[in-house]
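Engineer: Structure below; questions to follow.
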Amino acid sequence: MRLNRSVREGLTDLLLAGPATAVMVLLIFLPVGIVAVLSFTDYQFGAASFRWVGWDNYRAILADPFGRRALVNTLTYAAITIPASISLGLLVAIGLHGLTRHQPRLAAVLRAVYFLPVAATLVAMAVAWQMILHPTLGLVNQALGAAGLEGPSWLSDRALVIWTLAAIGIWQSVGYNMVLFLAGLAAIPPHLYDAAAVDGADRPWDRFWTVTWPMLGPVTLFVTVVTATSAFRVFETVATLTQGGPAFASDVLVYAIYREGFVYFKAGHASALTMVFFALVLLFTALKFRVLETQVHYR
Amino acid sequence: MIELRNLSRHYGATRVLDGVSLTLEPGRFTALLGPSGCGKSTLLRLVAGLDRPSTGQILFDGRDVAQESPSERNVAMVFQAYALYPHLTVAQNIALPLAMRRLGRLGRSPLGALSPAVRRTRATLARDVRAVAELLEIVPLLARKPAQLSGGQQQRVALARALVRDPSVFLLDEPLSNLDARLRIQMRAELVALHRRTGHTFLYVTHDQAEAMAMAERIAVMLDGRIAQVGSPRALYERPATCDVAGFIGAHPINLIPGPPEGGLPPALASGQPAPERPLVVGLRPEHLTPAADGPVQGRLDRVAFQGDVQVLGLRLEADGTPLRATAPPDWPAPDAGSAVRLGYRPEHLHLFDAAHGTRIANPGEESSCA
């Protein structure tokens with residue numbers, strides 16, 4: 001017996017989307033739910049029981065100077081990294097896109113160079129950065145010394161460390177953004193530039209604002225979301241280079257979650273931090289989609 | 001007046017344009033007609049200033065424009081894919097060329113609204129946009145984005161954007177090829193009316209000979225990067241300069257029948273009229289070859305295609321099996337395929353071409369002043 005056609009199509013859909021959905025519910029939604037529940041308890045790993053503490057964990061994060069510190073550091077890091085790596089990525093992409101026409105070989109080499117940090121693991125790269133930024137032996141301070149300047153302690157100066165980490169974050173994400181922007185630039189129909197030239201927008205600045213920037217809208221939205229979420233998730237550089245130090249000057253949310261949860265085993269506290277982190281990322285993403293989505297797809 | 005002098009354009013070893021000279025008279029509607037890949041779009045881009053010739057000169061009213069950008073040449077152009085800015089409304093799209101000319105960078109930015117002078121200029125822009133929108137009947141669309149418009153509406157917006165300023169020449173690059181057949185016919189008439197009303201010089205690129213014939217006052221036929229012939233639609237149809245032009249012009253492809261090597265007309269066609277004694281190719285349009293009871297041409301019918309206003313006949317010459325196309329009035333009683341059919345033509349409808357070079361030879365039946 002053959003099943004009704006709509007039933008068969010329904011089964012096909014279920015077969016295709018079902019397993020992934022089930023795994024997602026099991027491995028993402030369910031744990032998030034458990035974490036949300038745990039964030040209202042004083043549960044510790046290995047403990048036999050726990051107590052409901054209501055909003056205490058959240059209050060502790062905001063009251064505790066260290067908790068606030070992680071939040072502020074994360075926001076600072078994001079505020080530096082997001083705009084810088086997007087605008088640098090765009091600049092490099094426009095440069096390479098133009099260069100491809102005259103010097104395709106050189107452009108390909110440069111593209112690979114810019115993309116290398118994306119392909120390399122950040123933990124391994126962190127070792128290299130540690131050597132480069134070493135206060136006395138590092139390449140940076142040696143160069144500064146040769147120029148007659150005294151280089152600061154990049155990773156152990158409390159005021160400087162978050163900027164240093166942000167610079168490494170930018171270095172790491174520019175290549176990725178560049179590749180996305182390059183794809184976006186290649187997709188701009190050339191006849192729009194012709195139309196702009198005929199209409200009088202033929203100098204680079206006018207071309208950019210008349211055609212390039214508006215046409216890159218959807219790519220820019222995507223790049224912004226990806227860059228922002230990865231900025232909020234900063235962890236590897238902190239864990240390998242500073243461990244949140246000196247004196248929590250480079251403590252960030254994800255590193256605090258790791259420390260509270262897996263070093264001090266305060267599952268309740270770590271869960272509350274996770275929920276704050278989660279809310280932050282969700283809020284940021286939702287905001288961007290609401291504000292930008294309507295403006296970039298031109299419908 | 002726009003003069004193209006001996007223009008060539010090559011990309012590497014590929015020669016796209018080869019010594020093209022053409023004069024566009026002011027206020028005339030000229031069509032640049034040729035098959036795809038013949039270089040006609042390249043020529044249009046050279047005139048626009050979007051591309052530069054490898055050699056040769058372009059003169060606008062006697063002035064060499066080699067160093068001038070498209071906007072300095074003040075050309076207006078309508079693109080095949082319309083090329084509207086998707087992020088701007090219809091009104092903003094049309095206003096852009098004016099804003100680029102009349103407002104500075106600051107005036108175009110949102111800050112510009114603070115200056116009374118800029119506000120006044122913007123008000124005149126809005127008036128000009130509205131006037132051209134009324135001309136093209138797109139006033140209700142002014143607030144929409146291009147994605148919300150049909151192909152025909154986008155076409156009108158593209159025309160409005162080109163017309164809103166007073167261009168030196170109006171360049172159209174196959175503007176109707178993305179429209180459906182009915183709309184295309186309607187837009188042809190509108191473009192001709194627009195040309196008459198505005199009095200601008202039009203250069204219209206197309207591969208569709210019916211479009212060029214219907215719209216243009218002058219047609220320049222381009223084949224393989226050269227101008228093969230320039231003339232009125234009637235001149236191109238009645239006195240094509242070469243075999244290739246004859247093959248390209250006309251709704252039904254012309255019959256080109258080689259004559260005997262010793263010269264004269266092909267015996268299967270001849271009805272005793274005089275002909276030059278040299279190797280010939282004879283052209284005869286299907287619309288001039290019709291069934292006639294006492295006609296000199298004997299053919300065998302292969303197929304009949306009824307097209308409403310005409311029947312197109314596919315035949316073979318009885319003598320040597322050469323395929324031929326002919327036409328018959330719609331009420332002609334078509335015999336079965338395989339039947340013998342006699343066809344006739346008027347001698348003045350024969351086009352004689354030199355067999356070696358494909359160039360036209362004056363037909364003894366036409367007046368000698370035809371060149």
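Every chain in the structure tokens has a letter given in the order shown (A, B, ...), and although residue numbers restart at 1 in each chain, ligands are simply numbered from 1 in the order shown.
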Pull the strand (DSSP E) assignments for region 23-221 of chain B out of DSSP run on the backbone, and list those residues as a PyMOL selection string.
Structural biologist: chain B and resi 23-24+29-33+55-60+63-64+75-78+169-173+202-206+218-221
Engineer: Which residues are close to His97 (chain A), i.e. within 10 Å by only C-alpha atoms, leaving aside same-chain residues fewer than 6 positions away? Reply as a VMD selection string.
Structural biologist: chain A and resid 91 104 107 111 181 to 183 185 to 186
Engineer: Could you list, as a ChimeraX atom specification, every residue of chain A that has an atom within 7 Å of an atom of chain B, counting only C-alpha atoms?
Structural biologist: /A:191-192,194-195,197-201,214,298-299
Engineer: Please write the residues from the selection above to a file, keeping N, CA, C and O atoms, as a compact mmCIF listing (two decimals), in the first residue's frame.
Structural biologist:
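Once everything was written out, this is again38.txt:
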```
# COMPACT_ATOMS: atom_id res chain seq x y z
N HIS A 191 27.60 46.37 -13.58
CA HIS A 191 26.85 47.43 -14.27
C HIS A 191 26.40 48.53 -13.31
O HIS A 191 26.11 49.63 -13.73
N LEU A 192 26.36 48.21 -11.99
CA LEU A 192 26.02 49.27 -11.03
C LEU A 192 27.13 50.32 -10.98
O LEU A 192 26.86 51.52 -10.85
N ASP A 194 29.06 50.98 -13.52
CA ASP A 194 28.90 51.71 -14.78
C ASP A 194 27.83 52.78 -14.63
O ASP A 194 28.02 53.93 -15.04
N ALA A 195 26.69 52.38 -14.04
CA ALA A 195 25.60 53.34 -13.86
C ALA A 195 26.05 54.49 -12.98
O ALA A 195 25.77 55.65 -13.27
N ALA A 197 29.08 55.62 -12.65
CA ALA A 197 30.01 56.46 -13.41
C ALA A 197 29.23 57.40 -14.33
O ALA A 197 29.54 58.59 -14.42
N VAL A 198 28.20 56.88 -14.99
CA VAL A 198 27.40 57.71 -15.88
C VAL A 198 26.65 58.78 -15.08
O VAL A 198 26.49 59.91 -15.52
N ASP A 199 26.21 58.40 -13.87
CA ASP A 199 25.44 59.34 -13.06
C ASP A 199 26.32 60.37 -12.36
O ASP A 199 25.81 61.23 -11.65
N GLY A 200 27.63 60.25 -12.50
CA GLY A 200 28.51 61.26 -11.92
C GLY A 200 29.20 60.82 -10.64
O GLY A 200 29.96 61.58 -10.06
N ALA A 201 28.93 59.59 -10.18
CA ALA A 201 29.61 59.10 -8.98
C ALA A 201 30.81 58.28 -9.43
O ALA A 201 30.81 57.06 -9.34
N PRO A 214 26.43 50.27 0.19
CA PRO A 214 25.06 49.75 0.26
C PRO A 214 24.95 48.30 -0.22
O PRO A 214 24.20 47.52 0.36
N TYR A 298 16.78 45.51 1.31
CA TYR A 298 16.15 46.39 0.33
C TYR A 298 14.87 45.82 -0.25
O TYR A 298 14.70 45.76 -1.45
N ARG A 299 14.00 45.37 0.62
CA ARG A 299 12.71 44.92 0.10
C ARG A 299 11.60 45.78 0.66
O ARG A 299 11.77 46.39 1.70
```
Engineer: Might you pull out every residue within 7 Å of region 222-236 of chain B, with only C-alpha atoms counted and same-chain residues fewer than 5 positions away left off, and present them as a list in words?
Structural biologist: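 Final neighbour list, sorted by chain and number: Val16, Leu17, Asp18, Gly19, Val20, Leu32, Leu33, Gly34, Cys38, Gly39, Lys40, Met213, Glu217, Ala241 and Val245 of chain B.
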Engineer: Please compute the CA of Ala117 (chain B)-CA of Asp206 (chain A) distance, one decimal, in Å.
Structural biologist: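 Between CA of Ala117 (chain B) and CA of Asp206 (chain A) the gap works out to 21.5 Å.
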Engineer: Between B:Ala362, B:Val118, B:Met1, B:Val164, which has the minimum distance to Thr201 (chain B) (counting only C-alpha atoms)?
Structural biologist: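 Nearest candidate to Thr201 (chain B) out of B:Ala362, B:Val118, B:Met1, B:Val164: B:Met1.
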Engineer: Quick check for you: according to DSSP on this backbone, which residues of region 8-159 of chain B are classed as helix (DSSP H, G or I)? Reply as a count of residues only.
Structural biologist: 70
Engineer: Can you pull out every residue within 12 Å of Leu179 (chain B), counting only C-alpha atoms, but drop anything in the same chain fewer than 2 positions away, and send it as a list in words?
Structural biologist: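 The filter keeps Gln80, Ala81, Tyr82, Ser150, Gly151, Gly152, Gln153, Gln154, Gln155, Arg156, Glu174, Pro175, Leu176, Ser177, Ala181, Arg182, Leu183, Arg184, Ile185, Gln186, Met187 and Arg188 of chain B.
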Engineer: Tell me which protein, DNA and RNA residues are within 10 Å of Met178 (chain A), counting only C-alpha atoms, leaving out same-chain ones fewer than 5 positions away, and put them as a PDB file with C-alpha atoms, in the first residue's frame.
Structural biologist:
```
ATOM      1  CA  SER A  85      38.218  44.073  12.752  1.00  0.00           C
ATOM      2  CA  ILE A  86      35.188  44.869  10.577  1.00  0.00           C
ATOM      3  CA  SER A  87      36.597  48.111   9.190  1.00  0.00           C
ATOM      4  CA  LEU A  88      40.090  46.657   8.737  1.00  0.00           C
ATOM      5  CA  GLY A  89      38.625  43.566   7.076  1.00  0.00           C
ATOM      6  CA  LEU A  90      36.679  45.791   4.683  1.00  0.00           C
ATOM      7  CA  LEU A  91      39.708  47.976   3.926  1.00  0.00           C
ATOM      8  CA  VAL A  92      41.937  44.989   3.213  1.00  0.00           C
ATOM      9  CA  ALA A  93      39.222  43.365   1.089  1.00  0.00           C
ATOM     10  CA  ILE A  94      38.755  46.508  -1.023  1.00  0.00           C
ATOM     11  CA  LEU A  96      42.942  43.180  -2.469  1.00  0.00           C
ATOM     12  CA  ARG A 111      44.986  36.816   0.750  1.00  0.00           C
ATOM     13  CA  TYR A 114      45.753  37.518   5.885  1.00  0.00           C
ATOM     14  CA  PHE A 115      43.808  34.291   6.181  1.00  0.00           C
ATOM     15  CA  SER A 173      39.585  37.925  12.802  1.00  0.00           C
ATOM     16  CA  ALA A 183      33.030  37.423  -1.669  1.00  0.00           C
ATOM     17  CA  GLY A 184      30.601  40.303  -1.176  1.00  0.00           C
ATOM     18  CA  VAL A 223      30.251  39.830   9.415  1.00  0.00           C
TER      19      VAL A 223
END
```
